[in-house]
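S.K.: I'd like to ask you about the structure that follows.
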Amino acid sequence: MESPLRVAVFGASGRVGQTVVDAVKGAPDMELAAGVDQMHRDVDFPWFTDVATALGETGPDVAVDFTVADAAAENALMAIGAGVSPVIGTTGMSPDQIDAIRSAAEREGVGAFIAPNFAIGAVLMMAMAQLAAPHLDHVEVIELHHDQKIDAPSGTAAHTAELIAQARDGRSAIDTPTERFTLDGVRGGVNHGVRVHSVRLPGFVAHQEVIFGALGQTLTIRHDSTSRDSFMPGVLMAARRVRDLPGLVIGLEHLLFEESDDA
């Protein structure tokens with residue numbers, strides 16, 4: 001019988017981190033190797049307050065990270081250096097931080113994975129936006145998250161804008177001009193030529209809609225995560241696959257659609 005996949009969870013006291021812990025504990029092919037967070041919890045598994053000690057003492061196969069951007073970048077480099085594959089759901093890392101993770105993964109021959117969103121429905125939303133993008137020239141993205149999210153726009157919104165730009169093959173979306181502003185920032189920000197608006201309110205979890213406009217019509221593609229459980233199938237999929245990846249891979253679509261092609 002194959003040994004269970006040993007998984008450490010960085011940020012294990014957080015809202016998503018606690019959900020990851022429960023998902024790993026409930027997966028028959030996984031073993032929870034360690035939880036890591038500054039805020040200690042009374043738990044029935046090994047708990048650490050620093051990543052280096054957790055990696056050294058428990059030797060996990062995979063480390064799932066839902067922390068904050070700077071910590072996640074540093075954690076990933078430590079994990080890769082220890083031969084552990086990181087699965088990162090933390091958003092807000094800079095291009096330089098991501099490049100450092102990519103270089104380390106290639107140098108050490110360790111698979112690594114980053115996803116702006118682990119909800120399978122969100123990945124499908126982005127794929128549908130890509131499908132529509134070449135055919136409809138006006139588009140804006142509205143993302144809505146809980147009031148504790150510290151970065152804006154969300155990683156999902158930024159990735160959606162990038163995918164829309166790629167699908168348009170260099171043709172910019174049409175940004176309808178506004179001649180007079182009476183409130184700064186009211187039209188949102190621009191990412192890869194796409195208007196993006198961020199909402200932060202209690203009561204939300206993670207939501208996004210992509211609105212396309214054309215002559216006499218609109219097309220709205222919306223995804224809602226009403227529970228953090230929605231991220232867990234994607235997290236577990238990435239944990240199972242990350243060690244076989246050729247260096248760093250970004251985006252759950254690369255795993256999801258590859259699985260669909262293999263089926």
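Just so we're on the same page: first chain in the structure tokens is A, next is B, and so on; residues restart at 1 for each chain, and ligands are numbered from 1 in the order they show up.
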DSSP on the backbone: what in region 7-223 of chain A comes out helix (DSSP H, G or I), as a PyMOL selection string?

M.R.: chain A and resi 15-26+51-58+69-81+95-108+120-132+155-167

S.K.: Would you mind exporting C-alpha atoms of the selected residues as a PDB file, in the first residue's frame?

M.R.:
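Now in result_26.pdb:
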```
ATOM      1  CA  ARG A  15      -9.919  30.834   8.293  1.00  0.00           C
ATOM      2  CA  VAL A  16      -8.794  29.061   5.147  1.00  0.00           C
ATOM      3  CA  GLY A  17      -5.925  27.345   6.948  1.00  0.00           C
ATOM      4  CA  GLN A  18      -8.277  25.686   9.418  1.00  0.00           C
ATOM      5  CA  THR A  19     -10.427  24.479   6.528  1.00  0.00           C
ATOM      6  CA  VAL A  20      -7.321  23.049   4.813  1.00  0.00           C
ATOM      7  CA  VAL A  21      -6.387  21.221   8.027  1.00  0.00           C
ATOM      8  CA  ASP A  22      -9.826  19.607   8.168  1.00  0.00           C
ATOM      9  CA  ALA A  23      -9.709  18.687   4.470  1.00  0.00           C
ATOM     10  CA  VAL A  24      -6.274  17.055   4.762  1.00  0.00           C
ATOM     11  CA  LYS A  25      -7.335  15.144   7.870  1.00  0.00           C
ATOM     12  CA  GLY A  26     -10.399  13.890   5.995  1.00  0.00           C
ATOM     13  CA  VAL A  51       8.387  27.060   9.253  1.00  0.00           C
ATOM     14  CA  ALA A  52      12.043  26.019   9.422  1.00  0.00           C
ATOM     15  CA  THR A  53      11.508  23.900  12.522  1.00  0.00           C
ATOM     16  CA  ALA A  54       8.378  22.307  11.102  1.00  0.00           C
ATOM     17  CA  LEU A  55      10.160  21.369   7.877  1.00  0.00           C
ATOM     18  CA  GLY A  56      13.184  20.012   9.714  1.00  0.00           C
ATOM     19  CA  GLU A  57      11.327  17.968  12.300  1.00  0.00           C
ATOM     20  CA  THR A  58       8.413  16.562  10.271  1.00  0.00           C
ATOM     21  CA  ALA A  69       2.386  37.571   0.650  1.00  0.00           C
ATOM     22  CA  ASP A  70       5.831  38.246   2.123  1.00  0.00           C
ATOM     23  CA  ALA A  71       5.652  35.257   4.459  1.00  0.00           C
ATOM     24  CA  ALA A  72       4.399  32.976   1.681  1.00  0.00           C
ATOM     25  CA  ALA A  73       7.296  33.906  -0.592  1.00  0.00           C
ATOM     26  CA  GLU A  74       9.820  33.226   2.154  1.00  0.00           C
ATOM     27  CA  ASN A  75       8.056  30.017   3.216  1.00  0.00           C
ATOM     28  CA  ALA A  76       8.090  28.727  -0.359  1.00  0.00           C
ATOM     29  CA  LEU A  77      11.835  29.249  -0.696  1.00  0.00           C
ATOM     30  CA  MET A  78      12.470  27.434   2.596  1.00  0.00           C
ATOM     31  CA  ALA A  79      10.201  24.568   1.553  1.00  0.00           C
ATOM     32  CA  ILE A  80      11.851  24.192  -1.846  1.00  0.00           C
ATOM     33  CA  GLY A  81      15.277  24.277  -0.214  1.00  0.00           C
ATOM     34  CA  PRO A  95       6.543  39.490  -9.694  1.00  0.00           C
ATOM     35  CA  ASP A  96      10.040  39.419  -8.185  1.00  0.00           C
ATOM     36  CA  GLN A  97       8.895  37.081  -5.401  1.00  0.00           C
ATOM     37  CA  ILE A  98       7.211  34.771  -7.894  1.00  0.00           C
ATOM     38  CA  ASP A  99      10.326  34.787 -10.103  1.00  0.00           C
ATOM     39  CA  ALA A 100      12.435  33.829  -7.079  1.00  0.00           C
ATOM     40  CA  ILE A 101      10.137  30.860  -6.390  1.00  0.00           C
ATOM     41  CA  ARG A 102      10.299  29.843 -10.049  1.00  0.00           C
ATOM     42  CA  SER A 103      14.096  30.007 -10.108  1.00  0.00           C
ATOM     43  CA  ALA A 104      14.423  28.025  -6.869  1.00  0.00           C
ATOM     44  CA  ALA A 105      12.015  25.335  -8.079  1.00  0.00           C
ATOM     45  CA  GLU A 106      13.949  24.931 -11.335  1.00  0.00           C
ATOM     46  CA  ARG A 107      17.303  24.916  -9.572  1.00  0.00           C
ATOM     47  CA  GLU A 108      16.276  22.330  -6.974  1.00  0.00           C
ATOM     48  CA  ILE A 120     -13.121  24.863  -9.565  1.00  0.00           C
ATOM     49  CA  GLY A 121     -16.122  27.051 -10.449  1.00  0.00           C
ATOM     50  CA  ALA A 122     -13.884  30.138 -10.401  1.00  0.00           C
ATOM     51  CA  VAL A 123     -11.479  28.470 -12.822  1.00  0.00           C
ATOM     52  CA  LEU A 124     -14.391  27.715 -15.140  1.00  0.00           C
ATOM     53  CA  MET A 125     -15.546  31.340 -14.845  1.00  0.00           C
ATOM     54  CA  MET A 126     -12.121  32.518 -15.995  1.00  0.00           C
ATOM     55  CA  ALA A 127     -12.114  30.023 -18.862  1.00  0.00           C
ATOM     56  CA  MET A 128     -15.536  31.259 -19.989  1.00  0.00           C
ATOM     57  CA  ALA A 129     -14.285  34.850 -19.852  1.00  0.00           C
ATOM     58  CA  GLN A 130     -11.377  33.827 -22.083  1.00  0.00           C
ATOM     59  CA  LEU A 131     -13.842  32.284 -24.515  1.00  0.00           C
ATOM     60  CA  ALA A 132     -15.914  35.455 -24.700  1.00  0.00           C
ATOM     61  CA  GLY A 155      -5.492  37.478  -7.316  1.00  0.00           C
ATOM     62  CA  THR A 156      -8.449  36.024  -9.197  1.00  0.00           C
ATOM     63  CA  ALA A 157      -9.410  39.403 -10.660  1.00  0.00           C
ATOM     64  CA  ALA A 158      -5.835  40.167 -11.688  1.00  0.00           C
ATOM     65  CA  HIS A 159      -5.477  36.720 -13.280  1.00  0.00           C
ATOM     66  CA  THR A 160      -8.831  37.099 -15.059  1.00  0.00           C
ATOM     67  CA  ALA A 161      -7.715  40.398 -16.593  1.00  0.00           C
ATOM     68  CA  GLU A 162      -4.462  38.782 -17.733  1.00  0.00           C
ATOM     69  CA  LEU A 163      -6.312  35.843 -19.320  1.00  0.00           C
ATOM     70  CA  ILE A 164      -8.728  38.197 -21.099  1.00  0.00           C
ATOM     71  CA  ALA A 165      -5.785  40.156 -22.512  1.00  0.00           C
ATOM     72  CA  GLN A 166      -4.130  36.947 -23.702  1.00  0.00           C
ATOM     73  CA  ALA A 167      -7.351  35.787 -25.365  1.00  0.00           C
TER      74      ALA A 167
END
```

S.K.: Would you list, as number ranges by chain, the residues of region 6-142 of chain A that end up in strand (DSSP E or B) under DSSP run on this structure's backbone?

M.R.: A: 6-10, 30-36, 47-48, 62-65, 85-88, 112-114, 138-142

S.K.: Using only C-alpha atoms, which residue out of A:Leu252, A:Val194, A:Ala112, A:Ala214 lies closest to Asp175 (chain A)?

M.R.: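 Result for the nearest residue to Asp175 (chain A): A:Val194.
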
S.K.: Counting only C-alpha atoms, which of A:Gly170, A:Gly213, A:Pro153, A:Pro46 gets nearest to Val190 (chain A)?

M.R.: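 Distance minimum relative to Val190 (chain A) lands on A:Pro153.
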
S.K.: Hey, what's within 8 Å of Val84 (chain A) if we count only C-alpha atoms and toss same-chain stuff fewer than 4 positions away? As a VMD selection string, please?

M.R.: chain A and resid 59 to 63 79 to 80 110

S.K.: Compare A:Ile250, A:Leu201, A:Ala239, A:Val196 by their minimum atom-to-atom distance to Pro86 (chain A), counting only C-alpha atoms, and give me the closest one.

M.R.: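 Of all the options, A:Ala239 lies closest to Pro86 (chain A).
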
S.K.: From the list A:Thr220, A:Ser85, A:Thr49, A:Gln38, which residue is nearest Leu5 (chain A) when using only C-alpha atoms?

M.R.: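 Ranking A:Thr220, A:Ser85, A:Thr49, A:Gln38 by distance to Leu5 (chain A), first place goes to A:Ser85.
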
S.K.: Find the spatial neighbours of Phe212 (chain A), counting only C-alpha atoms, within a cut-off of 7 Å - ignore same-chain residues fewer than 2 positions away - and output them as a PyMOL selection string.

M.R.: chain A and resi 136+138-140+210+214+218-220

S.K.: Rounded to one decimal place, report the CA of Arg240 (chain A)-CA of Ala33 (chain A) distance in Å.

M.R.: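 Answer for the CA of Arg240 (chain A) to CA of Ala33 (chain A) separation: 14.7 Å.
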
S.K.: Near Phe204 (chain A), within 8 Å and counting only C-alpha atoms, which residues show up once chain neighbours fewer than 3 positions away are dropped, as a ChimeraX atom specification?

M.R.: /A:144-147,200-201,207,226

S.K.: What's around region 184-187 of chain A at 12 Å? Count only C-alpha atoms, leave out sequence neighbours fewer than 2 positions away in its own chain, and write the answer as a list of chain:residue names.

M.R.: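 The neighbour list is A:Glu140, A:Val141, A:Ile142, A:Asp175, A:Thr176, A:Pro177, A:Thr178, A:Glu179, A:Arg180, A:Phe181, A:Thr182, A:Gly189, A:Val190, A:Val194, A:Arg195, A:Val196, A:His197, A:Ser198, A:Val199.
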
S.K.: Would you kindly return, as a PyMOL selection string, each protein, DNA or RNA residue with an atom no farther than 10 Å from any atom of Met39 (chain A), considering only C-alpha atoms and excluding same-chain residues fewer than 5 positions away?

M.R.: chain A and resi 11-14+48-49

S.K.: As an exercise, work out the distance from CA of Met30 (chain A) to CA of Met93 (chain A) in Å and give it to one decimal place.

M.R.: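 Between these atoms lies a distance of 27.9 Å.
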
S.K.: If you measure from CA of Ala152 (chain A) to CA of Gly92 (chain A), what distance in Å do you get, rounded to one decimal?

M.R.: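 Those two atoms sit 8.1 Å apart.
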